[in-house]
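As structure tokens, the structure follows; a few thoughts come after it.
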Amino acid sequence: MLKRNTRLRMEYLYRKSLEGKEREYYEKKRKIREALEEGKPIPTELRNEEAALRQEIDLEDEYTAVQKTHIDDEYATASEKDPKILLTTSREPSQRLGQFVKVCFCTLPIVIFHLELKLVFPNAARMNRGSQVISEIIEFCRAHEYTDVIFVHEHRGEPDNLVICHLPFGPTAFFELLNVVTRHDIKDKKAMGTMSEAYPHLILDNFSSKLGQRTANILKHLFPVPKPETKRIITFANKSDYISFRHHVYEKHGGPKSVELKEVGPRFELRLYQIILGTVDQQNEAQKEWVLRPYMNTAKKQNVLGA
Amino acid sequence: MAAAVEMEKEEESPMKKGEEALERLRSADPPLYLTQSSEFARDARAASCFLFSSLVPFCTKLPVDRLLVEGFDAEQIWYQIDLLSRPLLSTVRREFKRLEEEHHSRAGLSTIDADGDGEEMVVEKDEISVDDEGDEEDGDESEEKGSEDEEDGEEDDEDDGEADEEEEEEEEAGEAKGNVVEDKFLKMQDLENYLENAEAKEYGHPLEDFDSDGDEDAELGANARYEDFFGGNKKKQQKKCGTVGKRKRSSTELDAVDHFENTDEDVEKNDSEQKLLSTHEKELQKMRSKIEEMEKANLDPKSWTMQGEVTAAKRPKNSALEVDLDFEHNVRPAPVITEEVTASLEDIIKKRIIEGHFDDVERAPILPSKPPKETKEMDENKSKKGLAEIYEEEYAQKTGLAPALLSASDKLKTEATMLFKKISLKLDALSHFHFAPKPVIEDMSIQVNVPALAMEEVAPLAVSDAAMLAPEEIFHGKGNIKEEAELTKEERKRRRANQKRRFRRLKAETFKRAVQKTGQSAVPGATNGN
């Protein structure tokens, strides 16, 4: 098992290293293809390699024509398999707050939030953290073929941090949680009723930059492929780098154009501050894809995720 | 005598000439000074000579007793005049002061102003004369230079000493200023006296005036008492002299103030202290202590606010709360979720729902790994073959008597398998180190009795006999073939013997068969066995 994992990781890294070269080929083929389609003469720098590349172009089909990056590799099996999520918290939150809190532990917002999140993500399993080490958790998940692990960290009982780790070797995204409002707070339980657990539709709004696309990808692959007619909608809306999470259930009463939304589920703002190309236990060694720089003079003007 | 008389006459005539020249200069129009006329220049030189010589007897310590103008340029002439006029000026001024004092001591304070005026005027005149001299020399030069020289003259005066400058300033400014500065404590005369004394020391002039001044000073000093200032307790007279002796106006004022302090302190300290410090010393002490403090502070390590980057470990606990820290927050604050924000979000969601445009994960189409199954359709027509015939055919196929009919799919299959075998052969050859032989492909096909080797013939196909069988392929015999001519006698005999034997055997067989068939012997006379 260890060997197999090591081998897979090596292969992944090797393929990642080839990307540069492959990109060149891809570009050249693309140019030739364009030239052929338009009927223009092939650019002079490609004349020597033209014959070989043309042969390859002929043999290509729709899968091989598109260039595969290591990012696609991470989510290669995602479209075939349904995601399986493990949800857990940081270590022993009650320690910091003293014994008094142990009694009222269940009412801590973090715990409530944790419980609610389990309902939000279909196919999610919740686990109490206890004193487990992160590397142990990751090994366990690999053994049981989980695709994602989500950690919810807290500060003085309030949830403040979300870490989404994609499993085979996948990227880890670190978010800051703000303005958390749990279902518990919004309304009475009786009025709410139980939350629908069908596979939801997703709306990802305003993730226009490259980094935004990447984040959208990460968030998207937490959810399985839904049925086209589900009434449950989960929204991630980005506005000036703050991602709003909303969970609605809709009904179309009057006709096709009238839609009634009913808010269900917790509501919070996410703020991305780091993406690393590795799992959570490789936090120190893995390459950082992107890190937030809040102390730069132009930090206020930047919109990293889009628009 | 005659020579002396002549000399006198000679002296007189240049004197007269000089006078006349001066007159002419005086009467000339100012614009005339600007023009370059050699006549004017000559007049100017003559006049300067005259003035110089007239002033010579009042001067001591002169290197030249007569102004040398021939062949000298303006600078040099001016320098000579300067040499003469400087000490002369100071002496003249002193004289005036003395006169004024005498007048003052008789008249009283009120007349000082008048004298001051008088002095002013005199001094101004002095200056004017000096200027004139300057002008005369430079008659042939531009006016600017002249003005410069005027200024130089003044600067030179300043160079004598700050005191002079101040005197001038004080005098030129006017009476009012003198009034403002002067009061019960500060007396201009005293100041000026002291300054004159200083000058006298510098220029080594006779000290008669000095002595008199000194006496005057002493007199004044003796007269001035605390009662004059404060009307009461006794005071130190020496202090006053000392303070007056100070050059700067401001400091004199300060000293006047200090006088207050001094006298008070003297009163207080009279009984207690062993050492009484002068104000100057006190000031020095204060400054010294301040300097010590500051030096000590510099040597000590700086407070944490003055150090560069400070982590929490390096500063005292909670100290950051006390200090007013100032830094820019370069982060956009978290959005406050208002009704509007929620409403806008919901609008977006509704729009998307109506459009049906969601960003779900889409399943990728699976690549076909299995071939599509052949669905056998059931033929509903009545079978034309009988059941027995179907069984017969099956049996025949099984035993191999009748070859199996190849269906279309089978054909494709065989073709596909052939192709695949070829490819896999090539791949194996690439990937394995060991040789793998070419697989035997059993191919059932009719071989026509065609020659093994088809050589290319020159003759056209229709004519050529290349397609015909070769003799070896026709011949069925075996062994060494010999013709009759080649045979030896024994061999001939052997052949004949073989032939005979064969013939007899054949005959015997045919007879036997014929007998068997009929059941009777065909030979006459032979009985069957009845």
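For the structure tokens, the naming scheme is as follows: chains receive sequential letters (A, B, ...) according to their order of presentation, residues are indexed from 1 within each chain, and ligands are indexed from 1 in presentation order.
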
Residues of chain B within 9 Å of chain A, counting only C-alpha atoms, as a ChimeraX atom specification: /B:328-332,334-337,345-346,348-354,357-366

Please return as an MDAnalysis selection string: the residues of segment 18-233 of chain A that backbone DSSP assigns to alpha helix (DSSP H). chainID A and resid 18:38 50:59 62:65 70:74 94:97 99:103 109:120 134:143 183:186 189:192 210:220

Point-to-point distance from atom CA of Gly71 of chain B to atom CA of Lys17 of chain B, Å rounded to tenths: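 So the answer is 19.5 Å.
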
Residue neighbourhood Phe58 of chain B, 10 Å, only C-alpha atoms, exclusion window fewer than 4 positions, as a PyMOL selection string: chain B and resi 53-54+84+87-88+91-92

Residues near Thr182 of chain A, anyone? I mean within 10 Å using only C-alpha atoms, not counting same-chain ones fewer than 6 positions away, as number ranges by chain. A: 109-110, 112-117, 264-268

Skip Val280 of chain A itself and residues of its chain fewer than 3 positions away, then list as a ChimeraX atom specification all residues within 8 Å of it, counting only C-alpha atoms. /A:134,165,172,283

Leaving out Asp281 of chain A and any residue of its chain fewer than 2 positions from it, which residues lie within 12 Å of it when counting only C-alpha atoms, given as a PDB file with all heavy atoms, in the first residue's frame?
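Okay, this is what ended up in part27.pdb:
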ATOM      1  N   VAL A 133      -3.779  12.577  14.847  1.00  0.00           N
ATOM      2  CA  VAL A 133      -2.802  13.359  14.097  1.00  0.00           C
ATOM      3  C   VAL A 133      -3.273  13.443  12.648  1.00  0.00           C
ATOM      4  O   VAL A 133      -3.901  12.518  12.132  1.00  0.00           O
ATOM      5  CB  VAL A 133      -1.430  12.671  14.167  1.00  0.00           C
ATOM      6  CG1 VAL A 133      -0.378  13.551  13.552  1.00  0.00           C
ATOM      7  CG2 VAL A 133      -1.091  12.336  15.604  1.00  0.00           C
ATOM      8  N   ILE A 134      -2.903  14.503  12.021  1.00  0.00           N
ATOM      9  CA  ILE A 134      -3.372  14.714  10.646  1.00  0.00           C
ATOM     10  C   ILE A 134      -2.888  13.625   9.706  1.00  0.00           C
ATOM     11  O   ILE A 134      -3.627  13.129   8.849  1.00  0.00           O
ATOM     12  CB  ILE A 134      -2.925  16.106  10.137  1.00  0.00           C
ATOM     13  CG1 ILE A 134      -3.826  17.176  10.738  1.00  0.00           C
ATOM     14  CG2 ILE A 134      -2.995  16.176   8.624  1.00  0.00           C
ATOM     15  CD1 ILE A 134      -3.581  18.555  10.214  1.00  0.00           C
ATOM     16  N   SER A 135      -1.642  13.224   9.857  1.00  0.00           N
ATOM     17  CA  SER A 135      -1.123  12.199   8.937  1.00  0.00           C
ATOM     18  C   SER A 135      -1.893  10.895   9.096  1.00  0.00           C
ATOM     19  O   SER A 135      -2.147  10.190   8.107  1.00  0.00           O
ATOM     20  CB  SER A 135       0.363  11.989   9.175  1.00  0.00           C
ATOM     21  OG  SER A 135       0.609  11.847  10.545  1.00  0.00           O
ATOM     22  N   GLU A 136      -2.295  10.607  10.320  1.00  0.00           N
ATOM     23  CA  GLU A 136      -3.097   9.390  10.526  1.00  0.00           C
ATOM     24  C   GLU A 136      -4.416   9.483   9.797  1.00  0.00           C
ATOM     25  O   GLU A 136      -4.880   8.536   9.161  1.00  0.00           O
ATOM     26  CB  GLU A 136      -3.389   9.202  12.020  1.00  0.00           C
ATOM     27  CG  GLU A 136      -2.237   8.635  12.810  1.00  0.00           C
ATOM     28  CD  GLU A 136      -2.597   8.605  14.291  1.00  0.00           C
ATOM     29  OE1 GLU A 136      -3.807   8.660  14.624  1.00  0.00           O
ATOM     30  OE2 GLU A 136      -1.682   8.541  15.101  1.00  0.00           O
ATOM     31  N   ILE A 137      -5.013  10.626   9.916  1.00  0.00           N
ATOM     32  CA  ILE A 137      -6.318  10.822   9.274  1.00  0.00           C
ATOM     33  C   ILE A 137      -6.192  10.637   7.771  1.00  0.00           C
ATOM     34  O   ILE A 137      -7.023   9.996   7.116  1.00  0.00           O
ATOM     35  CB  ILE A 137      -6.876  12.228   9.598  1.00  0.00           C
ATOM     36  CG1 ILE A 137      -7.133  12.364  11.097  1.00  0.00           C
ATOM     37  CG2 ILE A 137      -8.140  12.490   8.828  1.00  0.00           C
ATOM     38  CD1 ILE A 137      -7.601  13.728  11.498  1.00  0.00           C
ATOM     39  N   ILE A 138      -5.140  11.204   7.215  1.00  0.00           N
ATOM     40  CA  ILE A 138      -4.968  11.123   5.761  1.00  0.00           C
ATOM     41  C   ILE A 138      -4.751   9.677   5.327  1.00  0.00           C
ATOM     42  O   ILE A 138      -5.297   9.223   4.311  1.00  0.00           O
ATOM     43  CB  ILE A 138      -3.791  12.005   5.314  1.00  0.00           C
ATOM     44  CG1 ILE A 138      -4.020  13.464   5.704  1.00  0.00           C
ATOM     45  CG2 ILE A 138      -3.555  11.884   3.833  1.00  0.00           C
ATOM     46  CD1 ILE A 138      -5.070  14.162   4.900  1.00  0.00           C
ATOM     47  N   GLU A 139      -3.980   8.966   6.093  1.00  0.00           N
ATOM     48  CA  GLU A 139      -3.753   7.551   5.746  1.00  0.00           C
ATOM     49  C   GLU A 139      -5.038   6.776   5.774  1.00  0.00           C
ATOM     50  O   GLU A 139      -5.312   5.949   4.901  1.00  0.00           O
ATOM     51  CB  GLU A 139      -2.791   6.933   6.762  1.00  0.00           C
ATOM     52  CG  GLU A 139      -1.349   7.045   6.357  1.00  0.00           C
ATOM     53  CD  GLU A 139      -0.464   6.315   7.332  1.00  0.00           C
ATOM     54  OE1 GLU A 139      -0.785   5.166   7.674  1.00  0.00           O
ATOM     55  OE2 GLU A 139       0.532   6.919   7.770  1.00  0.00           O
ATOM     56  N   VAL A 149     -11.133  15.530   2.281  1.00  0.00           N
ATOM     57  CA  VAL A 149     -11.241  15.710   3.732  1.00  0.00           C
ATOM     58  C   VAL A 149     -11.458  17.191   3.991  1.00  0.00           C
ATOM     59  O   VAL A 149     -10.793  18.029   3.391  1.00  0.00           O
ATOM     60  CB  VAL A 149      -9.948  15.284   4.457  1.00  0.00           C
ATOM     61  CG1 VAL A 149     -10.175  15.257   5.939  1.00  0.00           C
ATOM     62  CG2 VAL A 149      -9.488  13.954   3.955  1.00  0.00           C
ATOM     63  N   VAL A 163     -10.488  23.960   5.846  1.00  0.00           N
ATOM     64  CA  VAL A 163      -9.409  23.416   5.019  1.00  0.00           C
ATOM     65  C   VAL A 163      -9.985  22.282   4.193  1.00  0.00           C
ATOM     66  O   VAL A 163     -10.500  21.316   4.741  1.00  0.00           O
ATOM     67  CB  VAL A 163      -8.266  22.863   5.900  1.00  0.00           C
ATOM     68  CG1 VAL A 163      -7.161  22.332   5.030  1.00  0.00           C
ATOM     69  CG2 VAL A 163      -7.757  23.942   6.821  1.00  0.00           C
ATOM     70  N   CYS A 165      -9.135  19.433   1.617  1.00  0.00           N
ATOM     71  CA  CYS A 165      -7.993  18.698   1.084  1.00  0.00           C
ATOM     72  C   CYS A 165      -8.497  17.610   0.148  1.00  0.00           C
ATOM     73  O   CYS A 165      -9.252  16.743   0.550  1.00  0.00           O
ATOM     74  CB  CYS A 165      -7.224  18.094   2.249  1.00  0.00           C
ATOM     75  SG  CYS A 165      -5.941  16.993   1.738  1.00  0.00           S
ATOM     76  N   HIS A 166      -8.049  17.677  -1.096  1.00  0.00           N
ATOM     77  CA  HIS A 166      -8.470  16.644  -2.049  1.00  0.00           C
ATOM     78  C   HIS A 166      -7.501  15.498  -1.975  1.00  0.00           C
ATOM     79  O   HIS A 166      -6.303  15.724  -1.871  1.00  0.00           O
ATOM     80  CB  HIS A 166      -8.474  17.231  -3.466  1.00  0.00           C
ATOM     81  CG  HIS A 166      -9.001  16.282  -4.489  1.00  0.00           C
ATOM     82  ND1 HIS A 166     -10.326  15.931  -4.564  1.00  0.00           N
ATOM     83  CD2 HIS A 166      -8.378  15.615  -5.474  1.00  0.00           C
ATOM     84  CE1 HIS A 166     -10.493  15.080  -5.560  1.00  0.00           C
ATOM     85  NE2 HIS A 166      -9.328  14.877  -6.137  1.00  0.00           N
ATOM     86  N   LEU A 167      -8.032  14.246  -2.004  1.00  0.00           N
ATOM     87  CA  LEU A 167      -7.144  13.220  -1.554  1.00  0.00           C
ATOM     88  C   LEU A 167      -6.095  12.548  -2.399  1.00  0.00           C
ATOM     89  O   LEU A 167      -4.989  12.463  -1.911  1.00  0.00           O
ATOM     90  CB  LEU A 167      -7.893  12.173  -0.778  1.00  0.00           C
ATOM     91  CG  LEU A 167      -7.710  12.512   0.656  1.00  0.00           C
ATOM     92  CD1 LEU A 167      -8.287  11.443   1.481  1.00  0.00           C
ATOM     93  CD2 LEU A 167      -6.319  12.666   1.076  1.00  0.00           C
ATOM     94  N   PHE A 169      -3.562  13.141  -4.462  1.00  0.00           N
ATOM     95  CA  PHE A 169      -2.381  13.928  -4.047  1.00  0.00           C
ATOM     96  C   PHE A 169      -2.763  15.378  -4.121  1.00  0.00           C
ATOM     97  O   PHE A 169      -1.962  16.232  -4.309  1.00  0.00           O
ATOM     98  CB  PHE A 169      -1.204  13.727  -5.001  1.00  0.00           C
ATOM     99  CG  PHE A 169      -1.357  12.541  -5.844  1.00  0.00           C
ATOM    100  CD1 PHE A 169      -1.930  12.634  -7.081  1.00  0.00           C
ATOM    101  CD2 PHE A 169      -0.959  11.310  -5.375  1.00  0.00           C
ATOM    102  CE1 PHE A 169      -2.093  11.521  -7.876  1.00  0.00           C
ATOM    103  CE2 PHE A 169      -1.110  10.203  -6.162  1.00  0.00           C
ATOM    104  CZ  PHE A 169      -1.678  10.307  -7.415  1.00  0.00           C
ATOM    105  N   GLY A 170      -4.001  15.585  -3.965  1.00  0.00           N
ATOM    106  CA  GLY A 170      -4.657  16.719  -4.594  1.00  0.00           C
ATOM    107  C   GLY A 170      -4.381  18.043  -3.942  1.00  0.00           C
ATOM    108  O   GLY A 170      -3.680  18.099  -2.946  1.00  0.00           O
ATOM    109  N   PRO A 171      -4.888  19.099  -4.449  1.00  0.00           N
ATOM    110  CA  PRO A 171      -4.606  20.392  -3.855  1.00  0.00           C
ATOM    111  C   PRO A 171      -5.367  20.560  -2.548  1.00  0.00           C
ATOM    112  O   PRO A 171      -6.410  19.944  -2.357  1.00  0.00           O
ATOM    113  CB  PRO A 171      -5.145  21.384  -4.889  1.00  0.00           C
ATOM    114  CG  PRO A 171      -6.230  20.673  -5.543  1.00  0.00           C
ATOM    115  CD  PRO A 171      -5.860  19.230  -5.557  1.00  0.00           C
ATOM    116  N   THR A 172      -4.786  21.406  -1.683  1.00  0.00           N
ATOM    117  CA  THR A 172      -5.457  21.752  -0.437  1.00  0.00           C
ATOM    118  C   THR A 172      -5.730  23.241  -0.467  1.00  0.00           C
ATOM    119  O   THR A 172      -4.835  24.034  -0.725  1.00  0.00           O
ATOM    120  CB  THR A 172      -4.560  21.433   0.766  1.00  0.00           C
ATOM    121  OG1 THR A 172      -4.084  20.109   0.617  1.00  0.00           O
ATOM    122  CG2 THR A 172      -5.326  21.556   2.047  1.00  0.00           C
ATOM    123  N   ILE A 276      -2.167  24.923  -1.732  1.00  0.00           N
ATOM    124  CA  ILE A 276      -0.897  24.205  -1.896  1.00  0.00           C
ATOM    125  C   ILE A 276      -1.117  22.960  -2.747  1.00  0.00           C
ATOM    126  O   ILE A 276      -2.185  22.356  -2.719  1.00  0.00           O
ATOM    127  CB  ILE A 276      -0.254  23.806  -0.550  1.00  0.00           C
ATOM    128  CG1 ILE A 276      -1.178  22.936   0.277  1.00  0.00           C
ATOM    129  CG2 ILE A 276       0.159  25.018   0.219  1.00  0.00           C
ATOM    130  CD1 ILE A 276      -0.505  22.370   1.497  1.00  0.00           C
ATOM    131  N   LEU A 277      -0.079  22.589  -3.471  1.00  0.00           N
ATOM    132  CA  LEU A 277      -0.190  21.439  -4.361  1.00  0.00           C
ATOM    133  C   LEU A 277       0.248  20.192  -3.615  1.00  0.00           C
ATOM    134  O   LEU A 277       1.276  19.605  -3.890  1.00  0.00           O
ATOM    135  CB  LEU A 277       0.697  21.655  -5.593  1.00  0.00           C
ATOM    136  CG  LEU A 277       0.245  22.790  -6.480  1.00  0.00           C
ATOM    137  CD1 LEU A 277       1.267  23.051  -7.546  1.00  0.00           C
ATOM    138  CD2 LEU A 277      -1.076  22.463  -7.123  1.00  0.00           C
ATOM    139  N   GLY A 278      -0.557  19.804  -2.664  1.00  0.00           N
ATOM    140  CA  GLY A 278      -0.237  18.622  -1.866  1.00  0.00           C
ATOM    141  C   GLY A 278      -1.352  18.423  -0.877  1.00  0.00           C
ATOM    142  O   GLY A 278      -2.301  19.216  -0.827  1.00  0.00           O
ATOM    143  N   THR A 279      -1.259  17.386  -0.063  1.00  0.00           N
ATOM    144  CA  THR A 279      -2.303  17.171   0.956  1.00  0.00           C
ATOM    145  C   THR A 279      -1.952  17.952   2.222  1.00  0.00           C
ATOM    146  O   THR A 279      -0.896  18.578   2.303  1.00  0.00           O
ATOM    147  CB  THR A 279      -2.439  15.686   1.286  1.00  0.00           C
ATOM    148  OG1 THR A 279      -1.138  15.183   1.593  1.00  0.00           O
ATOM    149  CG2 THR A 279      -2.975  14.927   0.103  1.00  0.00           C
ATOM    150  N   GLN A 283       1.881  20.192   4.273  1.00  0.00           N
ATOM    151  CA  GLN A 283       1.704  21.638   4.246  1.00  0.00           C
ATOM    152  C   GLN A 283       3.011  22.399   4.178  1.00  0.00           C
ATOM    153  O   GLN A 283       3.113  23.441   3.545  1.00  0.00           O
ATOM    154  CB  GLN A 283       0.947  22.054   5.498  1.00  0.00           C
ATOM    155  CG  GLN A 283       0.290  23.376   5.370  1.00  0.00           C
ATOM    156  CD  GLN A 283      -0.621  23.643   6.544  1.00  0.00           C
ATOM    157  OE1 GLN A 283      -0.843  22.786   7.369  1.00  0.00           O
ATOM    158  NE2 GLN A 283      -1.123  24.846   6.619  1.00  0.00           N
ATOM    159  N   ASN A 284       4.039  21.890   4.872  1.00  0.00           N
ATOM    160  CA  ASN A 284       5.291  22.632   4.895  1.00  0.00           C
ATOM    161  C   ASN A 284       6.165  22.351   3.691  1.00  0.00           C
ATOM    162  O   ASN A 284       6.938  23.187   3.264  1.00  0.00           O
ATOM    163  CB  ASN A 284       6.076  22.282   6.162  1.00  0.00           C
ATOM    164  CG  ASN A 284       5.327  22.679   7.404  1.00  0.00           C
ATOM    165  OD1 ASN A 284       4.640  23.673   7.415  1.00  0.00           O
ATOM    166  ND2 ASN A 284       5.430  21.869   8.448  1.00  0.00           N
ATOM    167  N   GLU A 285       6.056  21.134   3.134  1.00  0.00           N
ATOM    168  CA  GLU A 285       6.969  20.760   2.066  1.00  0.00           C
ATOM    169  C   GLU A 285       6.420  21.060   0.682  1.00  0.00           C
ATOM    170  O   GLU A 285       7.174  21.291  -0.246  1.00  0.00           O
ATOM    171  CB  GLU A 285       7.278  19.252   2.125  1.00  0.00           C
ATOM    172  CG  GLU A 285       7.928  18.808   3.411  1.00  0.00           C
ATOM    173  CD  GLU A 285       6.908  18.344   4.431  1.00  0.00           C
ATOM    174  OE1 GLU A 285       5.910  17.698   4.023  1.00  0.00           O
ATOM    175  OE2 GLU A 285       7.092  18.622   5.606  1.00  0.00           O
ATOM    176  N   ALA A 286       5.093  21.000   0.566  1.00  0.00           N
ATOM    177  CA  ALA A 286       4.528  21.083  -0.781  1.00  0.00           C
ATOM    178  C   ALA A 286       4.659  22.485  -1.356  1.00  0.00           C
ATOM    179  O   ALA A 286       4.773  23.464  -0.625  1.00  0.00           O
ATOM    180  CB  ALA A 286       3.059  20.681  -0.741  1.00  0.00           C
TER     181      ALA A 286
END

With only C-alpha atoms as the counted atoms, please give the residues lying no more than 7 Å from Leu305 of chain A, apart from itself and same-chain residues fewer than 3 positions off, as a PyMOL selection string. chain A and resi 207-209+211-212+241
